[in-house]
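Coordinates as given in coords.cif (mmCIF, C-alpha atoms and all ligand atoms):
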data_data
#
loop_
_atom_site.label_atom_id
_atom_site.label_comp_id
_atom_site.auth_asym_id
_atom_site.auth_seq_id
_atom_site.Cartn_x
_atom_site.Cartn_y
_atom_site.Cartn_z
CA MET A 1 8.75 28.18 -5.28
CA ALA A 2 6.65 28.02 -8.44
CA LEU A 3 8.22 26.46 -11.51
CA THR A 4 8.88 28.69 -14.50
CA GLU A 5 6.93 27.99 -17.67
CA SER A 6 10.12 26.97 -19.44
CA ARG A 7 11.04 24.46 -16.70
CA LYS A 8 7.50 23.05 -16.82
CA ALA A 9 7.75 22.70 -20.61
CA GLU A 10 11.13 20.96 -20.30
CA LEU A 11 9.81 18.49 -17.70
CA ALA A 12 6.68 17.79 -19.76
CA GLU A 13 8.79 17.13 -22.83
CA ARG A 14 11.04 14.70 -20.96
CA VAL A 15 8.08 12.85 -19.47
CA SER A 16 6.47 12.51 -22.87
CA ALA A 17 9.78 11.24 -24.34
CA GLY A 18 9.91 8.58 -21.58
CA GLU A 19 13.12 10.00 -20.09
CA ARG A 20 14.04 9.08 -16.54
CA LEU A 21 13.60 11.94 -14.05
CA THR A 22 16.34 12.97 -11.64
CA ARG A 23 16.35 13.80 -7.92
CA ARG A 24 16.25 17.50 -8.78
CA ASP A 25 13.33 16.93 -11.14
CA GLY A 26 11.42 15.18 -8.37
CA GLU A 27 12.05 18.00 -5.91
CA ASP A 28 11.01 20.56 -8.51
CA LEU A 29 7.81 18.64 -9.25
CA TYR A 30 6.88 18.77 -5.56
CA ALA A 31 7.38 22.55 -5.73
CA ALA A 32 5.06 22.98 -8.73
CA ASP A 33 2.03 24.99 -7.68
CA ASP A 34 0.00 23.95 -10.74
CA LEU A 35 -1.64 20.79 -9.41
CA ALA A 36 -3.73 20.24 -12.54
CA TRP A 37 -0.61 20.36 -14.73
CA LEU A 38 1.13 17.86 -12.44
CA GLY A 39 -1.91 15.56 -12.49
CA GLY A 40 -1.99 15.74 -16.28
CA LEU A 41 1.64 14.61 -16.52
CA ALA A 42 1.11 11.73 -14.08
CA HIS A 43 -2.12 10.74 -15.81
CA SER A 44 -0.34 10.49 -19.16
CA VAL A 45 2.15 8.01 -17.65
CA ARG A 46 -0.59 6.12 -15.80
CA THR A 47 -2.60 5.84 -19.01
CA ALA A 48 0.40 4.73 -21.08
CA LYS A 49 1.09 1.95 -18.57
CA ASN A 50 -2.43 0.86 -17.63
CA GLY A 51 -4.91 2.48 -20.04
CA ASP A 52 -8.35 3.21 -18.61
CA VAL A 53 -8.18 0.29 -16.17
CA THR A 54 -8.32 0.54 -12.40
CA TYR A 55 -7.44 -2.72 -10.68
CA PHE A 56 -8.86 -4.01 -7.42
CA ASN A 57 -8.83 -7.27 -5.53
CA VAL A 58 -11.15 -8.80 -2.99
CA ASN A 59 -9.09 -9.26 0.12
CA ARG A 60 -9.21 -9.32 3.87
CA HIS A 61 -6.69 -7.82 6.26
CA LEU A 62 -5.89 -10.07 9.19
CA ASN A 63 -3.80 -8.88 12.14
CA LEU A 64 -2.79 -11.86 14.26
CA THR A 65 -1.57 -9.77 17.18
CA ASN A 66 -1.33 -6.10 18.09
CA VAL A 67 1.23 -6.77 20.83
CA CYS A 68 4.52 -5.19 19.81
CA SER A 69 7.96 -4.77 21.31
CA ALA A 70 8.45 -1.47 19.51
CA SER A 71 6.73 1.92 20.01
CA CYS A 72 6.99 3.69 16.66
CA ALA A 73 5.90 7.33 16.94
CA TYR A 74 3.32 7.15 14.12
CA CYS A 75 1.71 3.87 15.21
CA SER A 76 -1.86 3.73 16.56
CA PHE A 77 -2.03 -0.05 16.45
CA GLN A 78 0.51 -1.46 18.89
CA ARG A 79 -0.27 -2.43 22.48
CA LYS A 80 1.99 -3.70 25.24
CA PRO A 81 1.44 -7.14 26.84
CA GLY A 82 -1.36 -6.97 29.39
CA GLN A 83 -2.60 -3.59 28.14
CA LYS A 84 -6.33 -3.10 27.58
CA ASP A 85 -7.24 -4.13 24.00
CA ALA A 86 -4.03 -6.16 23.55
CA TYR A 87 -4.81 -9.39 21.75
CA THR A 88 -3.11 -12.36 20.12
CA MET A 89 -5.05 -14.88 18.06
CA ARG A 90 -4.61 -18.58 18.53
CA VAL A 91 -4.02 -20.36 15.23
CA GLU A 92 -7.56 -21.78 15.34
CA GLU A 93 -9.03 -18.29 15.86
CA ALA A 94 -7.18 -16.93 12.84
CA VAL A 95 -8.49 -19.78 10.71
CA GLN A 96 -12.04 -19.28 12.02
CA LYS A 97 -11.87 -15.58 11.18
CA ALA A 98 -10.62 -16.29 7.67
CA LEU A 99 -13.21 -19.03 7.12
CA SER A 100 -16.01 -16.61 7.97
CA LEU A 101 -15.11 -14.78 4.75
CA LYS A 102 -15.11 -17.87 2.57
CA ASP A 103 -18.29 -16.96 0.70
CA GLU A 104 -17.31 -13.38 -0.11
CA GLY A 105 -15.21 -14.20 -3.16
CA LEU A 106 -12.01 -13.62 -1.20
CA THR A 107 -8.82 -14.07 -3.26
CA GLU A 108 -6.17 -12.72 -0.85
CA LEU A 109 -5.43 -12.56 2.86
CA HIS A 110 -3.18 -9.64 3.84
CA ILE A 111 -1.51 -10.42 7.17
CA VAL A 112 0.60 -7.96 9.21
CA ASN A 113 1.28 -7.97 12.93
CA GLY A 114 3.09 -6.44 15.87
CA LEU A 115 6.55 -7.72 16.83
CA HIS A 116 5.30 -9.96 19.63
CA PRO A 117 7.94 -10.35 22.37
CA THR A 118 7.23 -13.98 23.32
CA LEU A 119 5.37 -15.71 20.46
CA PRO A 120 7.72 -18.39 19.11
CA TRP A 121 8.86 -18.36 15.49
CA ARG A 122 7.12 -21.69 14.76
CA TYR A 123 3.72 -19.99 15.34
CA TYR A 124 4.02 -18.03 12.07
CA PRO A 125 4.57 -20.83 9.51
CA ARG A 126 1.96 -22.86 11.40
CA VAL A 127 -0.66 -20.11 10.94
CA LEU A 128 0.14 -19.91 7.22
CA ARG A 129 -0.04 -23.69 6.82
CA GLU A 130 -3.43 -23.89 8.58
CA LEU A 131 -4.83 -20.92 6.67
CA LYS A 132 -3.70 -22.43 3.37
CA ALA A 133 -5.27 -25.79 4.28
CA ALA A 134 -8.55 -24.07 5.16
CA LEU A 135 -8.60 -21.71 2.16
CA PRO A 136 -6.41 -23.31 -0.53
CA GLU A 137 -7.65 -20.94 -3.27
CA VAL A 138 -6.76 -17.79 -1.31
CA ALA A 139 -3.31 -16.19 -1.76
CA LEU A 140 -1.42 -15.43 1.45
CA LYS A 141 0.29 -12.03 1.35
CA ALA A 142 1.95 -11.86 4.73
CA PHE A 143 4.53 -10.12 6.91
CA THR A 144 6.53 -6.95 6.42
CA ALA A 145 10.31 -7.01 5.98
CA THR A 146 10.40 -5.72 9.58
CA GLU A 147 8.63 -8.87 10.74
CA VAL A 148 10.96 -11.11 8.73
CA HIS A 149 13.91 -9.31 10.35
CA TRP A 150 12.23 -9.90 13.74
CA PHE A 151 11.82 -13.61 12.91
CA GLU A 152 15.59 -13.76 12.29
CA LYS A 153 16.11 -12.42 15.79
CA ILE A 154 13.68 -14.74 17.60
CA SER A 155 14.55 -17.89 15.63
CA GLY A 156 18.29 -17.56 15.08
CA LEU A 157 17.61 -18.53 11.44
CA SER A 158 18.64 -16.51 8.38
CA ALA A 159 16.07 -14.63 6.28
CA ASP A 160 16.93 -17.12 3.54
CA ASP A 161 15.75 -20.08 5.65
CA ILE A 162 12.80 -18.12 7.04
CA LEU A 163 11.48 -17.23 3.58
CA ASP A 164 11.95 -20.83 2.42
CA GLU A 165 9.89 -22.11 5.33
CA LEU A 166 7.19 -19.46 4.93
CA MET A 167 6.96 -20.15 1.19
CA ASP A 168 6.71 -23.87 1.90
CA ALA A 169 3.83 -23.05 4.28
CA GLY A 170 1.99 -21.10 1.55
CA LEU A 171 3.43 -17.57 1.48
CA GLU A 172 2.81 -15.97 -1.92
CA SER A 173 4.02 -12.41 -1.30
CA LEU A 174 5.48 -10.26 1.44
CA THR A 175 3.60 -7.08 2.29
CA GLY A 176 5.19 -3.70 1.56
CA GLY A 177 5.11 -2.23 5.08
CA GLY A 178 7.92 -1.22 7.41
CA ALA A 179 9.30 1.14 4.75
CA GLU A 180 7.93 4.39 6.27
CA ILE A 181 10.62 6.92 5.16
CA PHE A 182 14.08 5.47 4.51
CA ASP A 183 16.07 8.67 5.11
CA TRP A 184 17.95 8.16 8.38
CA GLU A 185 17.53 11.71 9.71
CA VAL A 186 13.75 11.27 9.61
CA ARG A 187 13.68 7.58 10.37
CA GLN A 188 15.58 7.70 13.62
CA GLN A 189 12.97 10.13 14.99
CA ILE A 190 9.90 8.02 14.24
CA VAL A 191 10.88 4.34 13.92
CA ASP A 192 11.48 2.35 17.11
CA HIS A 193 12.48 -1.05 15.69
CA ALA A 194 15.78 -2.23 14.23
CA THR A 195 14.80 -2.57 10.57
CA HIS A 196 16.05 0.23 8.34
CA TRP A 197 16.85 0.54 4.62
CA GLU A 198 19.74 -1.94 4.70
CA ASP A 199 17.65 -4.79 6.14
CA TRP A 200 14.40 -3.80 4.44
CA SER A 201 16.08 -3.83 1.01
CA ARG A 202 18.09 -7.00 1.83
CA ILE A 203 14.88 -8.91 2.64
CA HIS A 204 12.94 -7.69 -0.41
CA ARG A 205 15.95 -8.42 -2.64
CA LEU A 206 16.05 -11.94 -1.25
CA ALA A 207 12.30 -12.40 -1.70
CA HIS A 208 12.59 -11.27 -5.34
CA LYS A 209 15.48 -13.68 -5.89
CA LYS A 210 13.25 -16.50 -4.68
CA GLY A 211 10.57 -15.52 -7.19
CA LEU A 212 8.21 -13.65 -4.86
CA LYS A 213 6.74 -10.37 -6.11
CA THR A 214 6.31 -7.71 -3.44
CA PRO A 215 4.79 -4.24 -2.93
CA ALA A 216 6.62 -1.22 -1.47
CA THR A 217 5.08 1.49 0.68
CA MET A 218 5.94 5.00 1.92
CA LEU A 219 4.39 6.60 5.01
CA TYR A 220 4.17 10.31 4.26
CA GLY A 221 2.70 13.49 5.70
CA HIS A 222 4.36 13.56 9.14
CA ILE A 223 7.79 15.15 9.84
CA GLU A 224 9.39 14.40 6.49
CA GLU A 225 9.88 16.93 3.69
CA PRO A 226 9.27 16.44 -0.04
CA ARG A 227 13.00 15.78 -0.60
CA HIS A 228 12.75 12.76 1.73
CA ARG A 229 9.87 11.39 -0.34
CA VAL A 230 11.94 11.81 -3.50
CA ASP A 231 14.89 10.06 -1.85
CA HIS A 232 12.57 7.23 -0.78
CA VAL A 233 11.26 6.51 -4.27
CA LEU A 234 14.73 6.81 -5.80
CA ARG A 235 16.04 4.07 -3.52
CA LEU A 236 13.12 1.89 -4.55
CA ARG A 237 13.66 2.69 -8.24
CA GLU A 238 17.29 1.62 -7.98
CA LEU A 239 16.39 -1.64 -6.24
CA GLN A 240 13.72 -2.29 -8.85
CA ASP A 241 16.32 -1.80 -11.61
CA GLU A 242 18.31 -4.54 -9.94
CA THR A 243 15.58 -7.10 -9.14
CA GLY A 244 12.40 -6.23 -11.08
CA GLY A 245 10.44 -7.78 -8.21
CA PHE A 246 8.23 -4.88 -7.10
CA GLN A 247 4.70 -4.92 -8.46
CA VAL A 248 3.27 -1.81 -6.93
CA PHE A 249 4.08 1.33 -4.96
CA ILE A 250 1.66 2.33 -2.20
CA PRO A 251 1.83 5.81 -0.60
CA LEU A 252 0.26 5.65 2.88
CA ARG A 253 -1.02 8.83 4.48
CA PHE A 254 0.01 9.31 8.12
CA HIS A 255 -2.95 9.50 10.54
CA ASN A 256 -2.64 11.65 13.63
CA ASP A 257 -4.95 9.86 16.08
CA ASN A 258 -3.81 7.96 19.16
CA ASN A 259 -0.08 8.12 18.57
CA LYS A 260 2.94 10.17 19.56
CA LEU A 261 2.61 12.44 16.51
CA SER A 262 -1.02 13.40 17.20
CA HIS A 263 -0.04 17.07 17.33
CA LEU A 264 0.81 17.09 13.62
CA PRO A 265 -1.80 18.05 11.02
CA MET A 266 -2.57 15.42 8.40
CA ALA A 267 -1.60 15.85 4.75
CA GLN A 268 -4.21 17.87 2.87
CA PRO A 269 -5.79 16.40 -0.28
CA SER A 270 -3.60 18.63 -2.48
CA ASP A 271 -0.48 17.16 -0.85
CA VAL A 272 -1.92 13.66 -1.27
CA LEU A 273 -2.46 14.22 -5.00
CA ARG A 274 0.99 15.77 -5.41
CA THR A 275 2.55 12.73 -3.72
CA PHE A 276 0.73 10.27 -5.98
CA ALA A 277 1.63 12.25 -9.10
CA VAL A 278 5.33 12.69 -8.32
CA SER A 279 5.63 9.03 -7.25
CA ARG A 280 4.06 7.89 -10.53
CA LEU A 281 6.41 10.11 -12.52
CA MET A 282 9.60 9.11 -10.68
CA LEU A 283 8.93 5.35 -10.49
CA ASP A 284 9.16 4.66 -14.20
CA ASN A 285 9.96 0.99 -13.57
CA PHE A 286 7.01 0.25 -11.25
CA PRO A 287 4.02 -1.13 -13.15
CA HIS A 288 1.41 0.03 -10.63
CA VAL A 289 0.64 2.70 -8.02
CA LYS A 290 -2.05 1.82 -5.52
CA VAL A 291 -4.34 4.05 -3.48
CA PHE A 292 -5.34 2.53 -0.16
CA TRP A 293 -8.74 4.11 0.40
CA VAL A 294 -8.84 3.27 4.12
CA MET A 295 -6.09 5.83 4.69
CA HIS A 296 -7.09 8.43 2.09
CA GLY A 297 -10.88 8.50 2.21
CA LEU A 298 -13.12 7.64 -0.72
CA SER A 299 -13.30 10.99 -2.55
CA THR A 300 -9.56 11.68 -2.38
CA SER A 301 -8.91 8.11 -3.51
CA GLN A 302 -11.10 8.66 -6.56
CA LEU A 303 -9.11 11.80 -7.36
CA ALA A 304 -5.82 9.92 -6.85
CA LEU A 305 -6.87 7.63 -9.72
CA ASN A 306 -6.57 10.72 -11.93
CA TRP A 307 -3.23 11.74 -10.37
CA GLY A 308 -1.29 8.55 -11.16
CA ALA A 309 -2.87 5.66 -9.22
CA ASP A 310 -4.25 2.68 -11.16
CA ASP A 311 -5.20 0.33 -8.33
CA MET A 312 -7.62 0.65 -5.41
CA ASP A 313 -7.16 -1.69 -2.50
CA GLY A 314 -10.04 -4.11 -2.45
CA SER A 315 -12.97 -5.13 -0.27
CA VAL A 316 -11.24 -4.69 3.04
CA VAL A 317 -13.62 -6.32 5.47
CA GLU A 318 -11.62 -5.52 8.56
CA TYR A 319 -8.53 -3.37 8.92
CA LYS A 320 -7.63 -2.71 12.50
CA ILE A 321 -4.37 -0.79 12.01
CA THR A 322 -6.01 2.33 10.64
CA HIS A 323 -9.31 2.08 12.41
CA ASP A 324 -7.72 2.20 15.83
CA ALA A 325 -6.80 5.67 14.64
CA ASP A 326 -10.42 6.68 14.94
CA GLY A 327 -12.34 9.71 13.80
CA PHE A 328 -11.47 9.58 10.11
CA GLY A 329 -14.95 8.55 9.06
CA THR A 330 -14.10 6.09 6.28
CA PRO A 331 -16.17 2.89 6.21
CA ASP A 332 -14.25 -0.19 7.33
CA LYS A 333 -15.31 -2.26 4.37
CA LEU A 334 -16.48 -1.95 0.82
CA THR A 335 -18.28 -4.59 -1.17
CA ARG A 336 -17.31 -5.41 -4.72
CA ASP A 337 -20.30 -3.37 -5.95
CA ASP A 338 -19.22 -0.38 -3.85
CA LEU A 339 -15.80 -0.54 -5.45
CA LEU A 340 -17.16 -0.90 -8.98
CA GLY A 341 -19.29 2.22 -8.46
CA LEU A 342 -16.40 4.25 -7.04
CA ILE A 343 -14.05 3.29 -9.86
CA ARG A 344 -16.60 3.99 -12.60
CA ASP A 345 -17.59 7.31 -11.02
CA ALA A 346 -13.92 8.30 -11.15
CA GLY A 347 -13.96 7.60 -14.90
CA PHE A 348 -12.24 4.21 -15.11
CA ARG A 349 -12.96 0.61 -16.09
CA PRO A 350 -12.76 -1.77 -13.10
CA VAL A 351 -10.75 -4.99 -13.43
CA GLU A 352 -10.57 -7.55 -10.64
CA ARG A 353 -7.07 -8.98 -10.23
CA ASN A 354 -5.40 -11.55 -8.02
CA THR A 355 -2.28 -11.05 -5.89
CA ARG A 356 -0.02 -11.53 -8.96
CA TYR A 357 -1.99 -8.92 -10.94
CA GLU A 358 -3.48 -11.56 -13.20
CA VAL A 359 -6.88 -10.50 -14.50
CA LEU A 360 -9.76 -12.43 -12.90
CA ARG A 361 -12.73 -10.48 -14.20
CA GLU A 362 -13.32 -7.43 -16.35
CA PHE A 363 -16.30 -5.11 -15.89
CA GLY A 364 -17.95 -2.43 -18.02
CA GLY A 365 -16.59 1.10 -17.77
CA PRO A 366 -18.34 4.33 -16.79
CA VAL A 367 -21.75 5.05 -18.30
CA PRO A 368 -21.30 7.82 -20.92
CA LEU A 369 -22.63 11.20 -19.81
CA ALA A 370 -25.15 11.36 -22.66
CA GLU A 371 -26.74 8.11 -21.48
CA ARG A 372 -26.87 9.30 -17.89
CA ARG A 373 -28.61 12.51 -19.02
CA ALA A 374 -31.20 10.44 -20.88
CA GLU A 375 -32.28 8.65 -17.71
CA PRO A 376 -34.66 11.25 -16.24
CA GLN A 377 -36.54 11.54 -19.57
CA ASP A 378 -37.05 7.78 -19.59
CA ILE A 379 -38.89 8.01 -16.28
CA TRP A 380 -41.61 10.16 -17.82
CA THR A 381 -42.13 8.24 -21.06
S1 LIG A 401 4.61 0.24 13.32
FE1 LIG A 401 4.81 -1.99 13.55
S2 LIG A 401 6.74 -2.26 14.63
FE2 LIG A 401 6.20 -0.10 14.92
S3 LIG A 401 5.05 -0.06 16.85
FE3 LIG A 401 3.54 -0.31 15.24
S4 LIG A 401 3.20 -2.51 15.07
FE4 LIG A 401 5.13 -2.19 16.19
#
Show how you would write the structure in this file as structure tokens.
Ligand code: SF4
Amino acid sequence: MALTESRKAELAERVSAGERLTRRDGEDLYAADDLAWLGGLAHSVRTAKNGDVTYFNVNRHLNLTNVCSASCAYCSFQRKPGQKDAYTMRVEEAVQKALSLKDEGLTELHIVNGLHPTLPWRYYPRVLRELKAALPEVALKAFTATEVHWFEKISGLSADDILDELMDAGLESLTGGGAEIFDWEVRQQIVDHATHWEDWSRIHRLAHKKGLKTPATMLYGHIEEPRHRVDHVLRLRELQDETGGFQVFIPLRFHNDNNKLSHLPMAQPSDVLRTFAVSRLMLDNFPHVKVFWVMHGLSTSQLALNWGADDMDGSVVEYKITHDADGFGTPDKLTRDDLLGLIRDAGFRPVERNTRYEVLREFGGPVPLAERRAEPQDIWT
């Protein structure tokens, strides 16, 4: 249902006054058929928070094992023990893989894994310790709340003790995965592990209490409806009011290859942009919204920067989780120069950050149109 002009004017006025939006506002924003108007609202908030900057970092995604006890309906990554393509890295292999990236200006390793049925708990802090010894200058962003909950189960330890040990081994941040959609009606149909909102939020709350900053994600574009997306971000907003420990919100587009939901169509670019815009508008206490280009494609990611996102995930050299869902056609890595070009072409000024969003390097912004137009004349003079 299209919004009336008076409702649009009211929402625009409240956004410009910095008023907090309600559940009903969020649901109405999803129903707005004027995508440009919605983008304009989100862009005004994005610009007020982050100016003309688009952040990126140079990272590598490392998946230690794809063997998983669960079979989530949306997952293209997991394999069962003994299945073709199932793998588990020895600690030395993980270190070797990370060391091969040493000269690429890497500042962060992003580590997520399947819930391996027989790997012992002590494997995980040992991997972190060895990675940190090999690459002391690289931040380790590792494990979803689902994995931490799994570690509780296989170790008999509390999340409190687990986080202490992982932090002692070099953990700098949890990852934001395992969130999917928190609403139980949806969740029970697609999630096959035991970690739901109660444990996900408990573990992030604990991490924040210990001084870790974490991201939060949302897997969208499958069986959920817009109201479930609104509910998802409202839960996160409330938790952020309490802890202040979330740095960034990351919408992740569901991919329909090689999983139990392959019959579903994927979210169209207009739905992607709507999701970024409404998320930016609802999450008034989140400093950043990130677009993960591996899941959205390069052109749509550039557009998302104008619909609320202010961060593009960095030079991903290898990212198995999405690329086992083949056929999407996105490259599996971008260099720093690739990223600079994409960000400038979208109209923003690239800034390289580290895991804590501290600025490492600033770059020049887009070349003004007038200068670009002058180029062909220069060739002939
Ligand atoms: S989403 Fe995670 S927990 Fe679920 S099947 Fe895939 S790897 Fe396992």
Using only C-alpha atoms and all ligand atoms, what are the residues with an atom within 9 Å of ligand LIG 401 (chain A), set out as JSON, numbers by chain?
{"A": [65, 66, 67, 68, 69, 70, 71, 72, 73, 74, 75, 76, 77, 78, 79, 112, 113, 114, 115, 116, 144, 146, 147, 177, 178, 180, 190, 191, 192, 193, 321]}
Please determine, counting all atoms listed in the file, which residue among A:Arg14, A:Gly170, A:Thr118, A:Leu38 has the shortest atom-to-atom distance to Ser270 (chain A).
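Among the listed residues, A:Leu38 lies closest to Ser270 (chain A).
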Write out as a count of residues only the residues lying within 10 Å of Leu234 (chain A), counting all atoms listed in the file and excluding same-chain residues fewer than 3 positions away.
15
Excluding Asp337 (chain A) and any residue of its chain fewer than 3 positions from it, enumerate the residues within 12 Å of it, using only C-alpha atoms, and give them as a ChimeraX atom specification.
/A:56,58,104,314-315,333-334,340-344,350,352,363
Taking C-alpha atoms for each residue, export the selection above as a PDB file, keeping the file's coordinate frame.
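Result went into out.pdb, see below:
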ATOM      1  CA  PHE A  56      -8.860  -4.010  -7.420  1.00  0.00           C
ATOM      2  CA  VAL A  58     -11.150  -8.800  -2.990  1.00  0.00           C
ATOM      3  CA  GLU A 104     -17.310 -13.380  -0.110  1.00  0.00           C
ATOM      4  CA  GLY A 314     -10.040  -4.110  -2.450  1.00  0.00           C
ATOM      5  CA  SER A 315     -12.970  -5.130  -0.270  1.00  0.00           C
ATOM      6  CA  LYS A 333     -15.310  -2.260   4.370  1.00  0.00           C
ATOM      7  CA  LEU A 334     -16.480  -1.950   0.820  1.00  0.00           C
ATOM      8  CA  LEU A 340     -17.160  -0.900  -8.980  1.00  0.00           C
ATOM      9  CA  GLY A 341     -19.290   2.220  -8.460  1.00  0.00           C
ATOM     10  CA  LEU A 342     -16.400   4.250  -7.040  1.00  0.00           C
ATOM     11  CA  ILE A 343     -14.050   3.290  -9.860  1.00  0.00           C
ATOM     12  CA  ARG A 344     -16.600   3.990 -12.600  1.00  0.00           C
ATOM     13  CA  PRO A 350     -12.760  -1.770 -13.100  1.00  0.00           C
ATOM     14  CA  GLU A 352     -10.570  -7.550 -10.640  1.00  0.00           C
ATOM     15  CA  PHE A 363     -16.300  -5.110 -15.890  1.00  0.00           C
TER      16      PHE A 363
END
Between A:Glu224, A:Tyr30, A:Val351, A:Glu242, which residue has the minimum interatomic distance to Leu206 (chain A), considering all atoms listed in the file?
A:Glu242
Using only C-alpha atoms: which of A:Asp241, A:Leu135, A:Ile181, A:Ala207 has the shortest distance to Phe254 (chain A)
A:Ile181
Using only C-alpha atoms, can you tell me which of A:Glu371, A:Asp161, A:Asp313, A:Glu92 comes closest to Arg336 (chain A)?
A:Asp313
Residues around (-14.3, 6.9, -2.6), cut-off 12 Å, counting all atoms listed in the file - what are they as a VMD selection string?
chain A and resid 291 to 305 312 to 314 329 to 331 333 to 334 338 to 346
Out of A:Val359, A:Ala179, A:Ala133, A:Ala267, which residue has the shortest atom-to-atom distance to Ala194 (chain A) when counting only C-alpha atoms?
A:Ala179
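A straight line drawn from CA of Leu360 (chain A) to CA of Ile203 (chain A) is 29.3 Å long.
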Distance criterion (only C-alpha atoms): nearest to Ala12 (chain A) out of A:Thr275, A:Gly39, A:Ala31, A:Asn354:
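When distances to Ala12 (chain A) are compared using only C-alpha atoms, the smallest one comes from A:Gly39.
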Atom-to-atom span, CA of Ala32 (chain A) and CA of Ile250 (chain A), Å
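Answer for the CA of Ala32 (chain A) to CA of Ile250 (chain A) separation: 21.9 Å.
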What is the CA of Pro120 (chain A) to CA of Ser158 (chain A) distance in Å?
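If I compute the distance from CA of Pro120 (chain A) to CA of Ser158 (chain A), I get 15.4 Å.
Using only C-alpha atoms, the contacts of Asp271 (chain A) at a cut-off of 10 Å, with sequence neighbours closer than 6 positions omitted, comprise A:Tyr30, A:Leu35, A:Tyr220, A:Gly221, A:Pro226, A:Arg253, A:Ala277.
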Find the spatial neighbours of Ala48 (chain A), counting all atoms listed in the file, within a cut-off of 12 Å - ignore same-chain residues fewer than 6 positions away - and output them as a PDB file with C-alpha atoms, in the frame of the given file.
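File part-v6.pdb, as written:
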ATOM      1  CA  VAL A  15       8.080  12.850 -19.470  1.00  0.00           C
ATOM      2  CA  SER A  16       6.470  12.510 -22.870  1.00  0.00           C
ATOM      3  CA  ALA A  17       9.780  11.240 -24.340  1.00  0.00           C
ATOM      4  CA  GLY A  18       9.910   8.580 -21.580  1.00  0.00           C
ATOM      5  CA  LEU A  41       1.640  14.610 -16.520  1.00  0.00           C
ATOM      6  CA  ALA A  42       1.110  11.730 -14.080  1.00  0.00           C
ATOM      7  CA  ARG A 280       4.060   7.890 -10.530  1.00  0.00           C
ATOM      8  CA  LEU A 281       6.410  10.110 -12.520  1.00  0.00           C
ATOM      9  CA  ASP A 284       9.160   4.660 -14.200  1.00  0.00           C
ATOM     10  CA  PRO A 287       4.020  -1.130 -13.150  1.00  0.00           C
ATOM     11  CA  HIS A 288       1.410   0.030 -10.630  1.00  0.00           C
ATOM     12  CA  GLY A 308      -1.290   8.550 -11.160  1.00  0.00           C
ATOM     13  CA  ASP A 310      -4.250   2.680 -11.160  1.00  0.00           C
TER      14      ASP A 310
END
Region 62-73 of chain A rebuilt with N, CA and C atoms, output as a tab-separated table (two decimals), in the frame of the given file:
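In the end it all went to out03.tsv:
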chain	number	residue	atom	x	y	z
A	62	LEU	N	-5.86	-9.30	7.96
A	62	LEU	CA	-5.89	-10.07	9.19
A	62	LEU	C	-4.67	-9.70	10.02
A	63	ASN	N	-4.90	-9.25	11.24
A	63	ASN	CA	-3.80	-8.88	12.14
A	63	ASN	C	-3.79	-9.89	13.28
A	64	LEU	N	-2.81	-10.75	13.30
A	64	LEU	CA	-2.79	-11.86	14.26
A	64	LEU	C	-2.59	-11.38	15.69
A	65	THR	N	-1.79	-10.34	15.85
A	65	THR	CA	-1.57	-9.77	17.18
A	65	THR	C	-1.25	-8.28	17.06
A	66	ASN	N	-1.72	-7.52	18.07
A	66	ASN	CA	-1.33	-6.10	18.09
A	66	ASN	C	-0.28	-5.85	19.18
A	67	VAL	N	0.20	-6.92	19.79
A	67	VAL	CA	1.23	-6.77	20.83
A	67	VAL	C	2.57	-6.58	20.14
A	68	CYS	N	3.29	-5.52	20.53
A	68	CYS	CA	4.52	-5.19	19.81
A	68	CYS	C	5.61	-4.73	20.77
A	69	SER	N	6.81	-5.17	20.49
A	69	SER	CA	7.96	-4.77	21.31
A	69	SER	C	8.38	-3.33	21.04
A	70	ALA	N	8.01	-2.82	19.89
A	70	ALA	CA	8.45	-1.47	19.51
A	70	ALA	C	7.34	-0.45	19.84
A	71	SER	N	7.69	0.82	19.80
A	71	SER	CA	6.73	1.92	20.01
A	71	SER	C	7.00	3.01	18.97
A	72	CYS	N	6.72	2.72	17.72
A	72	CYS	CA	6.99	3.69	16.66
A	72	CYS	C	6.07	4.92	16.86
A	73	ALA	N	6.61	6.09	16.60
A	73	ALA	CA	5.90	7.33	16.94
A	73	ALA	C	4.59	7.50	16.17
